[in-house]
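Chemist: First the structure, which I've put down as structure tokens, then a few questions once you've had a look.
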Amino acid sequence: MNILDVEDLVVEFPGRHGTLRALDAVSFSIAPGEILGVVGESGAGKSLTGASIIGLLEPPGRIAGGRIRLQGERIDQLDHEAMRHIRGRRIGSIFQDPLTSLNPLFTVGQQLTEAIRTHLRLDARKARARAIALLDETGIPAAAQRIDHFPHQFSGGMRQRVVIALALAAEPVLIVADEPTTALDVSVQAQIVALLQRICRERGAAVMLITHDMGVIAEACDRVAVLYAGRVAEIGPVHDVVRHAAHPYAAGLMASIPDMDSSPERLAQIDGAMPRLNRIPPGCAFHPRCGQAFARCTRERPELIAAGATHAACWLHARTTASPLSPHPSLALP
Ligand code: SF4
């Protein structure tokens with residue numbers, strides 16, 4: 001059974017000028033021991049997808065359709081309290097800035113033992129021993145001493161390891177990591193990626209790794225979902241998407257896989273910008289930027305279609321497609 005199933009997830013933001021659809025029929029699954037990368041430019045919907053899964057969607061955002069299942073059980077309709085319990089116990093989360101997850105007034109040991117005792121029935125002594133073991137597992141040297149230090153006494157990379165230990169405290173089945181390496185320097189990024197991979201393999205946990213950094217995706221993930229304008233543009237095994245992306249947008253992203261020391265928010269290889277939510281064009285949302293667009297792309301919205309080892313929302317892979325060699329006359333293609 002999959003750890004996570006997201007089916008046709010729709011997230012909307014009602015506003016004075018109408019309702020904006022920020023996620024539109026997003027679907028994917030993550031199996032035990034698997035790392036799924038969720039990638040895309042800023043505003044593509046990747047963090048919203050993560051926030052929907054962990055039940056921390058900021059109002060007025062709301063889940064307006066679809067289903068989210070954790071180990072087969074629906075969690076998208078749970079109340080705040082039930083979701084809070086699941087978030088601590090069965091879903092661990094890691095964010096870009098470790099300081100948002102750590103309280104500066106308490107030692108890391110106090111925070112870890114509290115998290116452990118909230119979710120697991122352990123006495124104080126056993127909880128502390130477990131906290132030390134977790135710090136050790138996440139690569140904190142001299143964990144038995146450092147457990148009594150405050151967050152500010154750790155470096156950025158070490159703090160992120162503490163946050164990972166905190167996320168693991170209740171032995172979650174799913175870890176949602178949103179840009180966990182972005183604030184870290186390159187060598188530390190690689191260590192955190194290796195740590196997530198090890199946790200995933202050894203514990204059988206599923207990891208959803210949200211990032212705009214294709215280098216991290218290529219390094220860390222088993223499969224990748226590429227989001228564009230709130231929809232999945234392509235999903236498949238990471239090696240196939242990186243080497244032979246079937247969707248022109250995904251192909252552009254993969255061509256931008258940088259040296260590990262650069263992480264462009266805006267991609268030099270794809271002209272133009274992703275449309276705002278209130279300006280999503282009809283047909284394929286990518287068509288104004290797509291060098292392979294043809295007439296059908298401007299009229300009909302493609303669903304995910306099997307394309308070799310991956311699935312891509314692109315008419316180039318439809319059996320009945322018109323010839324991509326006859327572009328629509330209204331399109332000013334590069
Ligand atoms: Fe390009 Fe058309 Fe494919 Fe969209 S559907 S990515 S516009 S070829």
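Following the order of the structure tokens, chains are lettered A, B, ..., residues in each are numbered from 1, and ligands are numbered from 1.
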Skipping near chain neighbours, those fewer than 5 positions away, what residues fall within 8 Å of Thr310 of chain A using only C-alpha atoms, listed as a list in words?
Modeler: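 Counting only the stated atoms, we get Glu234, Ile235, Gly236, Pro237, Asp240, Val241 and Ala246 of chain A.
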Chemist: Residues as selected, N, CA and C atoms, written as a PDB file, in the first residue's frame, can you do that?
Modeler:
ATOM      1  N   GLU A 234       4.575  16.791 -15.616  1.00  0.00           N
ATOM      2  CA  GLU A 234       5.175  15.479 -15.910  1.00  0.00           C
ATOM      3  C   GLU A 234       5.495  14.790 -14.599  1.00  0.00           C
ATOM      4  N   ILE A 235       5.345  13.480 -14.582  1.00  0.00           N
ATOM      5  CA  ILE A 235       5.716  12.695 -13.389  1.00  0.00           C
ATOM      6  C   ILE A 235       6.320  11.377 -13.842  1.00  0.00           C
ATOM      7  N   GLY A 236       7.389  10.979 -13.189  1.00  0.00           N
ATOM      8  CA  GLY A 236       8.016   9.715 -13.572  1.00  0.00           C
ATOM      9  C   GLY A 236       9.306   9.487 -12.808  1.00  0.00           C
ATOM     10  N   PRO A 237       9.974   8.360 -13.104  1.00  0.00           N
ATOM     11  CA  PRO A 237      11.252   8.065 -12.450  1.00  0.00           C
ATOM     12  C   PRO A 237      12.253   9.193 -12.725  1.00  0.00           C
ATOM     13  N   ASP A 240      14.577   9.066 -15.798  1.00  0.00           N
ATOM     14  CA  ASP A 240      13.916   9.271 -17.092  1.00  0.00           C
ATOM     15  C   ASP A 240      13.551  10.730 -17.302  1.00  0.00           C
ATOM     16  N   VAL A 241      13.028  11.376 -16.241  1.00  0.00           N
ATOM     17  CA  VAL A 241      12.632  12.777 -16.412  1.00  0.00           C
ATOM     18  C   VAL A 241      13.876  13.652 -16.610  1.00  0.00           C
ATOM     19  N   ALA A 246       9.652  14.303 -21.159  1.00  0.00           N
ATOM     20  CA  ALA A 246       8.694  14.221 -22.260  1.00  0.00           C
ATOM     21  C   ALA A 246       7.922  15.525 -22.435  1.00  0.00           C
TER      22      ALA A 246
END
Chemist: Show me, as a Markdown table, the residues of chain A having an atom within 10 Å of ligand 1, each with the closest atom pair and its distance in Å, using only C-alpha atoms and all ligand atoms.
Modeler:
| residue | atom | partner | partner_atom_place_in_ligand_line | distance |
| --- | --- | --- | --- | --- |
| A:Ala233 | CA | ligand 1 | 6 (S) | 8.0 |
| A:Glu234 | CA | ligand 1 | 6 (S) | 9.9 |
| A:Ala246 | CA | ligand 1 | 3 (Fe) | 8.7 |
| A:His247 | CA | ligand 1 | 6 (S) | 5.6 |
| A:Pro248 | CA | ligand 1 | 6 (S) | 5.2 |
| A:Tyr249 | CA | ligand 1 | 6 (S) | 6.3 |
| A:Ala250 | CA | ligand 1 | 6 (S) | 8.9 |
| A:Ala251 | CA | ligand 1 | 6 (S) | 9.8 |
| A:Gly283 | CA | ligand 1 | 5 (S) | 7.8 |
| A:Cys284 | CA | ligand 1 | 4 (Fe) | 4.6 |
| A:Ala285 | CA | ligand 1 | 4 (Fe) | 6.7 |
| A:Phe286 | CA | ligand 1 | 4 (Fe) | 5.2 |
| A:His287 | CA | ligand 1 | 7 (S) | 3.5 |
| A:Pro288 | CA | ligand 1 | 7 (S) | 7.1 |
| A:Arg289 | CA | ligand 1 | 7 (S) | 7.5 |
| A:Cys290 | CA | ligand 1 | 1 (Fe) | 4.7 |
| A:Gly291 | CA | ligand 1 | 1 (Fe) | 6.7 |
| A:Gln292 | CA | ligand 1 | 8 (S) | 4.7 |
| A:Ala293 | CA | ligand 1 | 7 (S) | 4.0 |
| A:Phe294 | CA | ligand 1 | 2 (Fe) | 5.9 |
| A:Ala295 | CA | ligand 1 | 2 (Fe) | 8.1 |
| A:Arg296 | CA | ligand 1 | 2 (Fe) | 7.1 |
| A:Cys297 | CA | ligand 1 | 2 (Fe) | 4.3 |
| A:Thr298 | CA | ligand 1 | 7 (S) | 7.2 |
| A:Arg299 | CA | ligand 1 | 5 (S) | 9.8 |
| A:Glu300 | CA | ligand 1 | 5 (S) | 8.4 |
| A:Arg301 | CA | ligand 1 | 5 (S) | 7.4 |
| A:Pro302 | CA | ligand 1 | 5 (S) | 6.1 |
| A:Glu303 | CA | ligand 1 | 5 (S) | 9.2 |
| A:Ala312 | CA | ligand 1 | 3 (Fe) | 8.3 |
| A:Ala313 | CA | ligand 1 | 5 (S) | 6.6 |
| A:Cys314 | CA | ligand 1 | 3 (Fe) | 3.6 |
| A:Trp315 | CA | ligand 1 | 5 (S) | 4.2 |
| A:Leu316 | CA | ligand 1 | 8 (S) | 5.3 |
| A:His317 | CA | ligand 1 | 3 (Fe) | 7.9 |
| A:Ala318 | CA | ligand 1 | 5 (S) | 9.3 |
| A:Thr321 | CA | ligand 1 | 5 (S) | 9.8 |
| A:Pro324 | CA | ligand 1 | 8 (S) | 7.2 |
| A:Pro327 | CA | ligand 1 | 2 (Fe) | 9.9 |
Chemist: How would the residues just picked look written out with C-alpha atoms as a compact mmCIF listing (two decimals), in the first residue's frame?
Modeler:
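Saved result, again23.txt, follows:
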# COMPACT_ATOMS: atom_id res chain seq x y z
CA ALA A 233 3.18 18.70 -16.13
CA GLU A 234 5.18 15.48 -15.91
CA ALA A 246 8.69 14.22 -22.26
CA HIS A 247 7.10 17.59 -21.46
CA PRO A 248 8.81 20.62 -23.03
CA TYR A 249 8.63 22.54 -19.73
CA ALA A 250 10.20 19.65 -17.82
CA ALA A 251 12.85 19.37 -20.53
CA GLY A 283 -5.56 24.95 -23.45
CA CYS A 284 -2.11 23.98 -22.22
CA ALA A 285 -1.02 26.61 -19.68
CA PHE A 286 2.52 26.38 -21.03
CA HIS A 287 1.64 27.11 -24.65
CA PRO A 288 2.72 30.79 -24.73
CA ARG A 289 6.24 29.69 -23.70
CA CYS A 290 6.43 26.41 -25.60
CA GLY A 291 8.61 26.11 -28.66
CA GLN A 292 6.65 23.05 -29.82
CA ALA A 293 3.11 24.36 -29.39
CA PHE A 294 0.59 23.73 -32.13
CA ALA A 295 -3.05 24.57 -32.67
CA ARG A 296 -4.58 22.03 -30.31
CA CYS A 297 -2.40 23.32 -27.44
CA THR A 298 -4.23 26.67 -27.46
CA ARG A 299 -7.69 25.10 -27.27
CA GLU A 300 -7.64 21.87 -25.26
CA ARG A 301 -6.05 21.22 -21.92
CA PRO A 302 -3.95 18.05 -21.92
CA GLU A 303 -4.28 15.50 -19.10
CA ALA A 312 3.33 14.05 -19.39
CA ALA A 313 0.44 16.50 -19.78
CA CYS A 314 1.38 17.31 -23.35
CA TRP A 315 -0.40 16.80 -26.65
CA LEU A 316 2.86 15.76 -28.30
CA HIS A 317 2.24 12.35 -26.73
CA ALA A 318 -1.40 11.89 -27.70
CA THR A 321 -2.57 14.51 -32.01
CA PRO A 324 3.41 19.41 -34.21
CA PRO A 327 1.97 25.51 -35.74
Chemist: With only C-alpha atoms as the counted atoms, please give the residues lying no more than 12 Å from Asn278 of chain A, apart from itself and same-chain residues fewer than 5 positions off, as a ChimeraX atom specification.
Modeler: /A:12-15,17-22,229-230,285
Chemist: Which polymer residues have any atom within 9 Å of an atom of Leu134 of chain A, counting only C-alpha atoms, with same-chain residues fewer than 6 positions away left out, as a PyMOL selection string?
Modeler: chain A and resi 112+140+143+162+164-166+168-169
Chemist: Which of these residues is nearest to Ser52 of chain A, using only C-alpha atoms: A:Val11, A:Gly92, A:Ser155, A:Gly65?
Modeler: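 Of A:Val11, A:Gly92, A:Ser155, A:Gly65, the one nearest Ser52 of chain A is A:Val11, counting only C-alpha atoms.
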Chemist: Take atom CA of Thr118 of chain A and atom CA of Ala82 of chain A and report the distance between them in Å, one decimal.
Modeler: 14.2 Å
Chemist: As a ChimeraX atom specification, please: every residue in segment 103-236 of chain A that DSSP puts in alpha helix (DSSP H).
Modeler: /A:108-119,124-137,143-146,156-168,186-203,214-220
Chemist: Provide the atom CA of Arg128 of chain A to atom CA of Phe95 of chain A distance in Å, to one decimal place.
Modeler: 24.1 Å
Chemist: If we count only C-alpha atoms, what is near His149 of chain A at a cut-off of 10 Å, once residues fewer than 2 positions away on the same chain are taken out, given as an mmCIF file with N, CA, C and O atoms, in the first residue's frame?
Modeler:
data_model
loop_
_atom_site.group_PDB
_atom_site.id
_atom_site.type_symbol
_atom_site.label_atom_id
_atom_site.label_comp_id
_atom_site.auth_asym_id
_atom_site.auth_seq_id
_atom_site.Cartn_x
_atom_site.Cartn_y
_atom_site.Cartn_z
ATOM 1 N N PHE A 106 14.305 27.021 24.572
ATOM 2 C CA PHE A 106 14.469 25.684 25.162
ATOM 3 C C PHE A 106 15.644 24.964 24.499
ATOM 4 O O PHE A 106 15.934 25.185 23.329
ATOM 5 N N THR A 107 16.286 24.097 25.270
ATOM 6 C CA THR A 107 17.370 23.304 24.679
ATOM 7 C C THR A 107 16.779 22.340 23.654
ATOM 8 O O THR A 107 15.583 22.024 23.695
ATOM 9 N N VAL A 108 17.637 21.858 22.752
ATOM 10 C CA VAL A 108 17.120 20.917 21.754
ATOM 11 C C VAL A 108 16.643 19.643 22.451
ATOM 12 O O VAL A 108 15.672 19.010 22.020
ATOM 13 N N GLY A 109 17.297 19.290 23.567
ATOM 14 C CA GLY A 109 16.880 18.096 24.304
ATOM 15 C C GLY A 109 15.478 18.246 24.862
ATOM 16 O O GLY A 109 14.664 17.324 24.793
ATOM 17 N N GLN A 110 15.180 19.427 25.441
ATOM 18 C CA GLN A 110 13.828 19.657 25.976
ATOM 19 C C GLN A 110 12.787 19.535 24.864
ATOM 20 O O GLN A 110 11.721 18.948 25.052
ATOM 21 N N ALA A 143 26.429 13.778 20.622
ATOM 22 C CA ALA A 143 25.000 14.046 20.847
ATOM 23 C C ALA A 143 24.648 14.093 22.334
ATOM 24 O O ALA A 143 23.808 14.895 22.753
ATOM 25 N N GLN A 145 26.252 15.275 24.745
ATOM 26 C CA GLN A 145 26.537 16.599 25.321
ATOM 27 C C GLN A 145 25.690 17.686 24.645
ATOM 28 O O GLN A 145 25.120 18.548 25.299
ATOM 29 N N ARG A 146 25.590 17.607 23.329
ATOM 30 C CA ARG A 146 24.944 18.696 22.590
ATOM 31 C C ARG A 146 23.439 18.741 22.808
ATOM 32 O O ARG A 146 22.799 19.748 22.528
ATOM 33 N N ILE A 147 22.889 17.671 23.329
ATOM 34 C CA ILE A 147 21.444 17.645 23.575
ATOM 35 C C ILE A 147 21.026 18.767 24.533
ATOM 36 O O ILE A 147 19.902 19.250 24.483
ATOM 37 N N PRO A 151 19.253 26.085 20.468
ATOM 38 C CA PRO A 151 19.362 26.125 18.996
ATOM 39 C C PRO A 151 20.435 27.084 18.489
ATOM 40 O O PRO A 151 21.146 26.777 17.527
ATOM 41 N N HIS A 152 20.594 28.264 19.145
ATOM 42 C CA HIS A 152 21.560 29.227 18.596
ATOM 43 C C HIS A 152 22.996 28.745 18.742
ATOM 44 O O HIS A 152 23.910 29.322 18.151
ATOM 45 N N GLN A 153 23.218 27.695 19.503
ATOM 46 C CA GLN A 153 24.582 27.185 19.663
ATOM 47 C C GLN A 153 24.951 26.188 18.555
ATOM 48 O O GLN A 153 26.051 25.645 18.554
ATOM 49 N N PHE A 154 24.029 25.976 17.620
ATOM 50 C CA PHE A 154 24.297 25.067 16.495
ATOM 51 C C PHE A 154 24.476 25.883 15.212
ATOM 52 O O PHE A 154 23.874 26.949 15.055
#
